[in-house]
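Next comes my_file.csv, with CSV, C-alpha atoms.
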```csv
chain,number,residue,atom,x,y,z
A,26,LYS,CA,76.3,-55.5,14.7
A,27,ALA,CA,75.3,-59.2,15.0
A,28,GLY,CA,71.9,-59.9,16.3
A,29,VAL,CA,70.8,-62.2,19.1
A,30,THR,CA,71.9,-65.7,18.5
A,31,GLN,CA,70.3,-68.8,20.0
A,32,THR,CA,71.6,-72.4,19.9
A,33,PRO,CA,70.5,-74.9,19.1
A,34,ARG,CA,67.8,-74.0,16.6
A,35,TYR,CA,66.0,-77.3,16.9
A,36,LEU,CA,65.9,-79.9,19.6
A,37,ILE,CA,64.0,-83.2,20.0
A,38,LYS,CA,63.9,-84.6,23.6
A,39,THR,CA,62.1,-87.3,25.4
A,40,ARG,CA,59.8,-86.9,28.4
A,41,GLY,CA,61.7,-86.8,31.6
A,42,GLN,CA,64.9,-85.6,30.1
A,43,GLN,CA,66.4,-82.2,30.7
A,44,VAL,CA,67.5,-79.5,28.2
A,45,THR,CA,69.7,-76.4,28.1
A,46,LEU,CA,69.2,-73.6,25.7
A,47,SER,CA,71.8,-70.9,25.0
A,48,CYS,CA,71.5,-67.3,24.1
A,49,SER,CA,74.1,-64.7,23.1
A,50,PRO,CA,72.8,-61.1,23.2
A,51,ILE,CA,73.6,-58.2,21.0
A,52,SER,CA,77.0,-56.9,21.9
A,53,GLY,CA,76.7,-54.3,24.6
A,54,HIS,CA,73.2,-55.4,25.7
A,55,ARG,CA,73.1,-56.3,29.4
A,56,SER,CA,69.5,-57.5,29.8
A,57,VAL,CA,68.3,-60.9,28.6
A,58,SER,CA,64.8,-62.2,28.7
A,59,TRP,CA,63.3,-65.5,27.8
A,60,TYR,CA,59.8,-66.3,26.4
A,61,GLN,CA,57.9,-69.4,25.6
A,62,GLN,CA,55.7,-69.3,22.5
A,63,THR,CA,53.0,-71.8,21.8
A,64,PRO,CA,49.9,-71.7,19.5
A,65,GLY,CA,47.6,-72.1,22.5
A,66,GLN,CA,49.1,-69.8,25.1
A,67,GLY,CA,50.9,-67.3,22.9
A,68,LEU,CA,54.0,-65.5,24.1
A,69,GLN,CA,54.6,-66.0,27.8
A,70,PHE,CA,57.4,-64.4,29.8
A,71,LEU,CA,59.7,-66.8,31.6
A,72,PHE,CA,62.4,-64.7,33.2
A,73,GLU,CA,64.7,-61.7,32.8
A,74,TYR,CA,68.3,-61.3,33.8
A,75,PHE,CA,70.5,-58.3,34.3
A,76,SER,CA,74.0,-58.2,35.7
A,77,GLU,CA,73.9,-62.0,36.3
A,78,THR,CA,70.8,-61.6,38.6
A,79,GLN,CA,67.3,-62.7,37.9
A,80,ARG,CA,65.2,-59.5,38.0
A,81,ASN,CA,61.8,-60.8,36.9
A,82,LYS,CA,60.1,-64.2,36.8
A,83,GLY,CA,57.0,-65.3,35.1
A,84,ASN,CA,54.5,-67.9,36.3
A,85,PHE,CA,56.3,-71.1,35.3
A,86,PRO,CA,57.2,-74.1,37.6
A,87,GLY,CA,60.6,-74.5,39.1
A,88,ARG,CA,61.6,-76.9,36.4
A,89,PHE,CA,62.3,-73.9,34.4
A,90,SER,CA,65.5,-72.1,35.4
A,91,GLY,CA,68.1,-69.8,33.9
A,92,ARG,CA,71.3,-68.0,34.5
A,93,GLN,CA,73.3,-65.2,33.0
A,94,PHE,CA,77.1,-65.0,32.8
A,95,SER,CA,79.5,-62.1,33.2
A,96,ASN,CA,79.6,-61.6,29.4
A,97,SER,CA,75.7,-61.3,29.4
A,98,ARG,CA,75.3,-64.6,27.7
A,99,SER,CA,72.4,-66.6,29.1
A,100,GLU,CA,71.2,-70.1,29.4
A,101,MET,CA,67.9,-71.6,30.3
A,102,ASN,CA,67.3,-75.1,31.6
A,103,VAL,CA,64.2,-77.2,31.7
A,104,SER,CA,64.3,-80.3,33.8
A,105,THR,CA,62.0,-83.3,33.7
A,106,LEU,CA,60.6,-82.4,30.4
A,107,GLU,CA,56.8,-82.8,29.8
A,108,LEU,CA,55.0,-83.0,26.5
A,109,GLY,CA,53.5,-79.5,27.2
A,110,ASP,CA,57.0,-78.0,27.1
A,111,SER,CA,57.1,-78.4,23.4
A,112,ALA,CA,57.3,-74.8,22.1
A,113,LEU,CA,59.4,-72.1,20.5
A,114,TYR,CA,61.7,-70.6,23.1
A,115,LEU,CA,62.7,-67.0,22.4
A,116,CYS,CA,65.5,-65.1,23.9
A,117,ALA,CA,65.6,-61.3,23.7
A,118,SER,CA,68.2,-58.7,24.7
A,119,SER,CA,68.0,-55.0,25.5
A,120,LEU,CA,70.5,-52.4,26.3
A,121,GLU,CA,69.4,-51.9,29.8
A,122,LEU,CA,66.9,-53.1,32.3
A,123,ALA,CA,64.7,-50.0,32.1
A,124,ALA,CA,61.2,-50.5,30.8
A,125,SER,CA,61.6,-47.9,28.0
A,126,TYR,CA,64.2,-50.0,26.2
A,127,GLU,CA,63.0,-52.2,23.3
A,128,GLN,CA,63.9,-55.9,23.2
A,129,TYR,CA,65.6,-57.5,20.3
A,130,PHE,CA,64.7,-61.2,19.7
A,131,GLY,CA,66.7,-64.1,18.5
A,132,PRO,CA,65.3,-66.7,16.0
A,133,GLY,CA,64.3,-69.0,18.8
A,134,THR,CA,64.9,-72.7,19.7
A,135,ARG,CA,62.2,-75.1,18.6
A,136,LEU,CA,61.9,-77.7,21.3
A,137,THR,CA,59.9,-80.9,20.6
A,138,VAL,CA,59.2,-83.2,23.5
A,139,THR,CA,58.1,-86.8,22.6
B,186,ALA,CA,48.2,-56.7,36.6
B,187,GLN,CA,49.0,-55.5,33.2
B,188,SER,CA,47.3,-56.9,30.0
B,189,VAL,CA,47.1,-56.4,26.3
B,190,ALA,CA,44.1,-57.2,24.0
B,191,GLN,CA,44.3,-57.6,20.3
B,192,PRO,CA,40.6,-58.1,19.4
B,193,GLU,CA,41.2,-59.4,15.9
B,194,ASP,CA,42.9,-62.7,15.3
B,195,GLN,CA,42.9,-62.1,11.6
B,196,VAL,CA,42.9,-58.9,9.4
B,197,ASN,CA,42.7,-59.0,5.7
B,198,VAL,CA,43.4,-56.0,3.5
B,199,ALA,CA,44.0,-55.4,-0.2
B,200,GLU,CA,47.4,-54.3,-1.4
B,201,GLY,CA,47.6,-50.5,-1.6
B,202,ASN,CA,44.9,-50.0,1.0
B,203,PRO,CA,45.5,-48.6,4.4
B,204,LEU,CA,45.7,-51.1,7.3
B,205,THR,CA,45.0,-50.9,11.0
B,206,VAL,CA,45.8,-53.5,13.6
B,207,LYS,CA,44.1,-52.8,16.9
B,208,CYS,CA,45.5,-53.0,20.4
B,209,THR,CA,44.2,-51.9,23.8
B,210,TYR,CA,46.0,-52.2,27.1
B,211,SER,CA,45.6,-52.1,30.8
B,212,VAL,CA,48.5,-51.1,33.1
B,213,SER,CA,49.1,-49.2,36.3
B,214,GLY,CA,50.8,-45.9,35.8
B,215,ASN,CA,52.4,-44.7,32.6
B,216,PRO,CA,52.6,-47.3,29.9
B,217,TYR,CA,55.5,-48.2,27.6
B,218,LEU,CA,54.0,-49.6,24.4
B,219,PHE,CA,55.6,-51.7,21.7
B,220,TRP,CA,54.7,-53.3,18.4
B,221,TYR,CA,56.6,-56.3,17.0
B,222,VAL,CA,56.2,-58.4,13.8
B,223,GLN,CA,56.9,-62.1,13.4
B,224,TYR,CA,57.5,-63.8,10.1
B,225,PRO,CA,57.2,-67.6,9.8
B,226,ASN,CA,59.9,-69.5,11.6
B,227,ARG,CA,61.5,-66.3,12.7
B,228,GLY,CA,61.8,-64.4,16.0
B,229,LEU,CA,60.1,-61.1,16.6
B,230,GLN,CA,61.2,-57.9,15.0
B,231,PHE,CA,60.8,-54.5,16.8
B,232,LEU,CA,58.7,-52.0,14.8
B,233,LEU,CA,58.1,-49.1,17.1
B,234,LYS,CA,57.5,-47.9,20.6
B,235,TYR,CA,55.7,-45.2,22.6
B,236,ILE,CA,57.4,-43.9,25.7
B,237,THR,CA,56.2,-40.3,26.1
B,238,GLY,CA,55.6,-37.2,24.0
B,239,ASP,CA,53.9,-37.2,20.6
B,240,ASN,CA,50.9,-39.5,20.4
B,241,LEU,CA,51.8,-40.5,16.8
B,242,VAL,CA,54.9,-42.7,16.7
B,243,LYS,CA,56.6,-43.6,13.4
B,244,GLY,CA,58.6,-46.8,13.0
B,245,SER,CA,60.2,-49.2,10.6
B,246,TYR,CA,58.9,-50.1,7.1
B,247,GLY,CA,56.4,-47.2,7.0
B,248,PHE,CA,54.4,-48.3,10.0
B,249,GLU,CA,53.1,-45.8,12.6
B,250,ALA,CA,51.0,-46.1,15.7
B,251,GLU,CA,48.7,-43.8,17.5
B,252,PHE,CA,48.6,-43.6,21.3
B,253,ASN,CA,45.3,-42.7,22.8
B,254,LYS,CA,45.4,-42.4,26.6
B,255,SER,CA,41.6,-41.9,27.1
B,256,GLN,CA,40.8,-45.1,25.1
B,257,THR,CA,43.9,-47.0,26.3
B,258,SER,CA,44.7,-47.9,22.8
B,259,PHE,CA,47.8,-48.1,20.6
B,260,HIS,CA,46.7,-49.1,17.1
B,261,LEU,CA,49.2,-49.9,14.4
B,262,LYS,CA,48.7,-48.3,11.0
B,263,LYS,CA,50.2,-48.1,7.6
B,264,PRO,CA,48.9,-45.8,4.8
B,265,SER,CA,49.5,-48.3,1.9
B,266,ALA,CA,49.8,-52.1,2.6
B,267,LEU,CA,52.3,-54.3,0.8
B,268,VAL,CA,52.0,-58.1,0.2
B,269,SER,CA,55.3,-58.4,2.1
B,270,ASP,CA,53.6,-56.9,5.2
B,271,SER,CA,51.7,-60.2,5.7
B,272,ALA,CA,52.9,-61.5,9.0
B,273,LEU,CA,51.9,-61.9,12.7
B,274,TYR,CA,51.8,-58.7,14.7
B,275,PHE,CA,52.1,-58.4,18.4
B,276,CYS,CA,51.4,-55.5,20.7
B,277,ALA,CA,53.2,-55.4,24.1
B,278,VAL,CA,53.0,-53.2,27.2
B,279,ARG,CA,55.3,-52.7,30.1
B,280,ALA,CA,54.7,-50.5,33.1
B,281,GLY,CA,57.4,-48.0,34.2
B,282,GLY,CA,60.1,-49.3,36.5
B,283,SER,CA,62.5,-52.2,36.0
B,284,ALA,CA,60.6,-54.7,38.0
B,285,ARG,CA,57.8,-55.2,35.4
B,286,GLN,CA,57.8,-57.7,32.7
B,287,LEU,CA,56.9,-57.1,29.0
B,288,THR,CA,53.4,-58.5,28.4
B,289,PHE,CA,52.3,-59.4,24.9
B,290,GLY,CA,48.9,-59.6,23.2
B,291,SER,CA,47.7,-62.7,21.5
B,292,GLY,CA,48.8,-61.5,18.1
B,293,THR,CA,47.0,-60.5,14.9
B,294,GLN,CA,47.6,-62.3,11.6
B,295,LEU,CA,47.7,-59.7,8.9
B,296,THR,CA,47.2,-60.9,5.3
B,297,VAL,CA,47.6,-58.4,2.5
B,298,LEU,CA,45.9,-59.6,-0.7
B,299,PRO,CA,47.4,-58.8,-4.1
```

Once you've parsed the file, please lay out its structure as structure tokens.
Amino acid sequence: KAGVTQTPRYLIKTRGQQVTLSCSPISGHRSVSWYQQTPGQGLQFLFEYFSETQRNKGNFPGRFSGRQFSNSRSEMNVSTLELGDSALYLCASSLELAASYEQYFGPGTRLTVT
Amino acid sequence: AQSVAQPEDQVNVAEGNPLTVKCTYSVSGNPYLFWYVQYPNRGLQFLLKYITGDNLVKGSYGFEAEFNKSQTSFHLKKPSALVSDSALYFCAVRAGGSARQLTFGSGTQLTVLP
């Protein structure tokens, strides 16, 4: 079974621009979560989607948004990019929303904001 | 609020020796605990989880973890370390119920010396 895929793998953007990242979960997985990973802040939770609805949200400004489609694929968008948004963005999928299910991670999208 | 502490940023161990990576947690209610490993330029890989039952949990690649409710700990262990085990290890906790996010520790860099 194919793993979680994320596109693109690398992105370079300029301050003020916006960016959209894509995530395809493992086949049959219905929950998708997004995380931001930076050397200073570690792994921080952005949001979690299930059945096309946002179920959990982390402490990020409204510039960060996401959505999930009927086939469970997900996108996240960051508007008005800031230098501090440079990070590895990780997508993870799990079979169901329940807390007992482990999450499986994609390779990440490395975003650099200049 | 839930939290995870990994008190050691770096752990060094000689190949063939046992290894321990420490993790303590704080959560309301019963905890669901996870260990993940991250290799350079890769996403996180799931190693093992504790949901309920036996306090000793066995996972992938010979790793195991011991759940200790009284000490609120979930230390990762392996009887004999391999050089290929060198990586960044994350402990994570999630409270029961679907409305709680997965919270990660700051990570521990494990280096196995040949």

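The interatomic distance for the pair atom CA of Glu73 of chain A and atom CA of Ser213 of chain B works out to 20.3 Å.
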
Worksheet item: Near Leu136 of chain A, within 7 Å and counting only C-alpha atoms, which residues show up once chain neighbours fewer than 2 positions away are dropped, as a ChimeraX atom specification?
Response: /A:35-37,111-113,134,138

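Atom pair atom CA of Ala117 of chain A / atom CA of Asp270 of chain B: separated by 22.5 Å.
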
Worksheet entry | Residues of chain A within 6 Å of chain B, counting only C-alpha atoms, as a list in words | Gly67, Leu122, Ala123, Ala124, Phe130, Gly131, Pro132 and Gly133 of chain A

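Between atom CA of Phe85 of chain A and atom CA of Val29 of chain A lies a distance of 23.5 Å.
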
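With all atoms listed in the file as the atoms that count, the minimum distance from Gly201 of chain B to the choices B:Ser258, B:Thr296, B:Ser271, B:Ser265 is reached by B:Ser265.
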
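Between Ser90 of chain A and the candidates A:Arg34, A:Arg40, A:Leu71, A:Gln61, the tightest atom-to-atom separation, counting all atoms listed in the file, involves A:Leu71.
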
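Nearest to Asn102 of chain A of all the residues A:Trp59, A:Gln128, A:Gly83, A:Leu120 is A:Trp59, counting only C-alpha atoms.
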
Worksheet item: If you count only C-alpha atoms, which residues fall within 12 Å of Ser255 of chain B, apart from same-chain ones fewer than 6 positions away, as a PyMOL selection string?
Response: chain B and resi 209-211+240

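For Pro299 of chain B, the list of residues within 7 Å, based on only C-alpha atoms and with local chain neighbours fewer than 4 positions off taken out, reads Ala199, Glu200 and Val268 of chain B.
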
Worksheet item: Counting all atoms listed in the file, what is within 9 Å of Gln79 of chain A, bar same-chain residues fewer than 4 positions away, as a list of chain:residue names?
Response: A:Phe72, A:Glu73, A:Tyr74, A:Phe75, A:Gly91, A:Arg92, A:Gln93

Discussion item. Would you pick out the contacts of Ser104 of chain A at 7 Å or less, using only C-alpha atoms, so that residues sharing its chain but fewer than 3 positions from it are not included, and give the list as a ChimeraX atom specification?
Written reply: /A:42-44,88-89
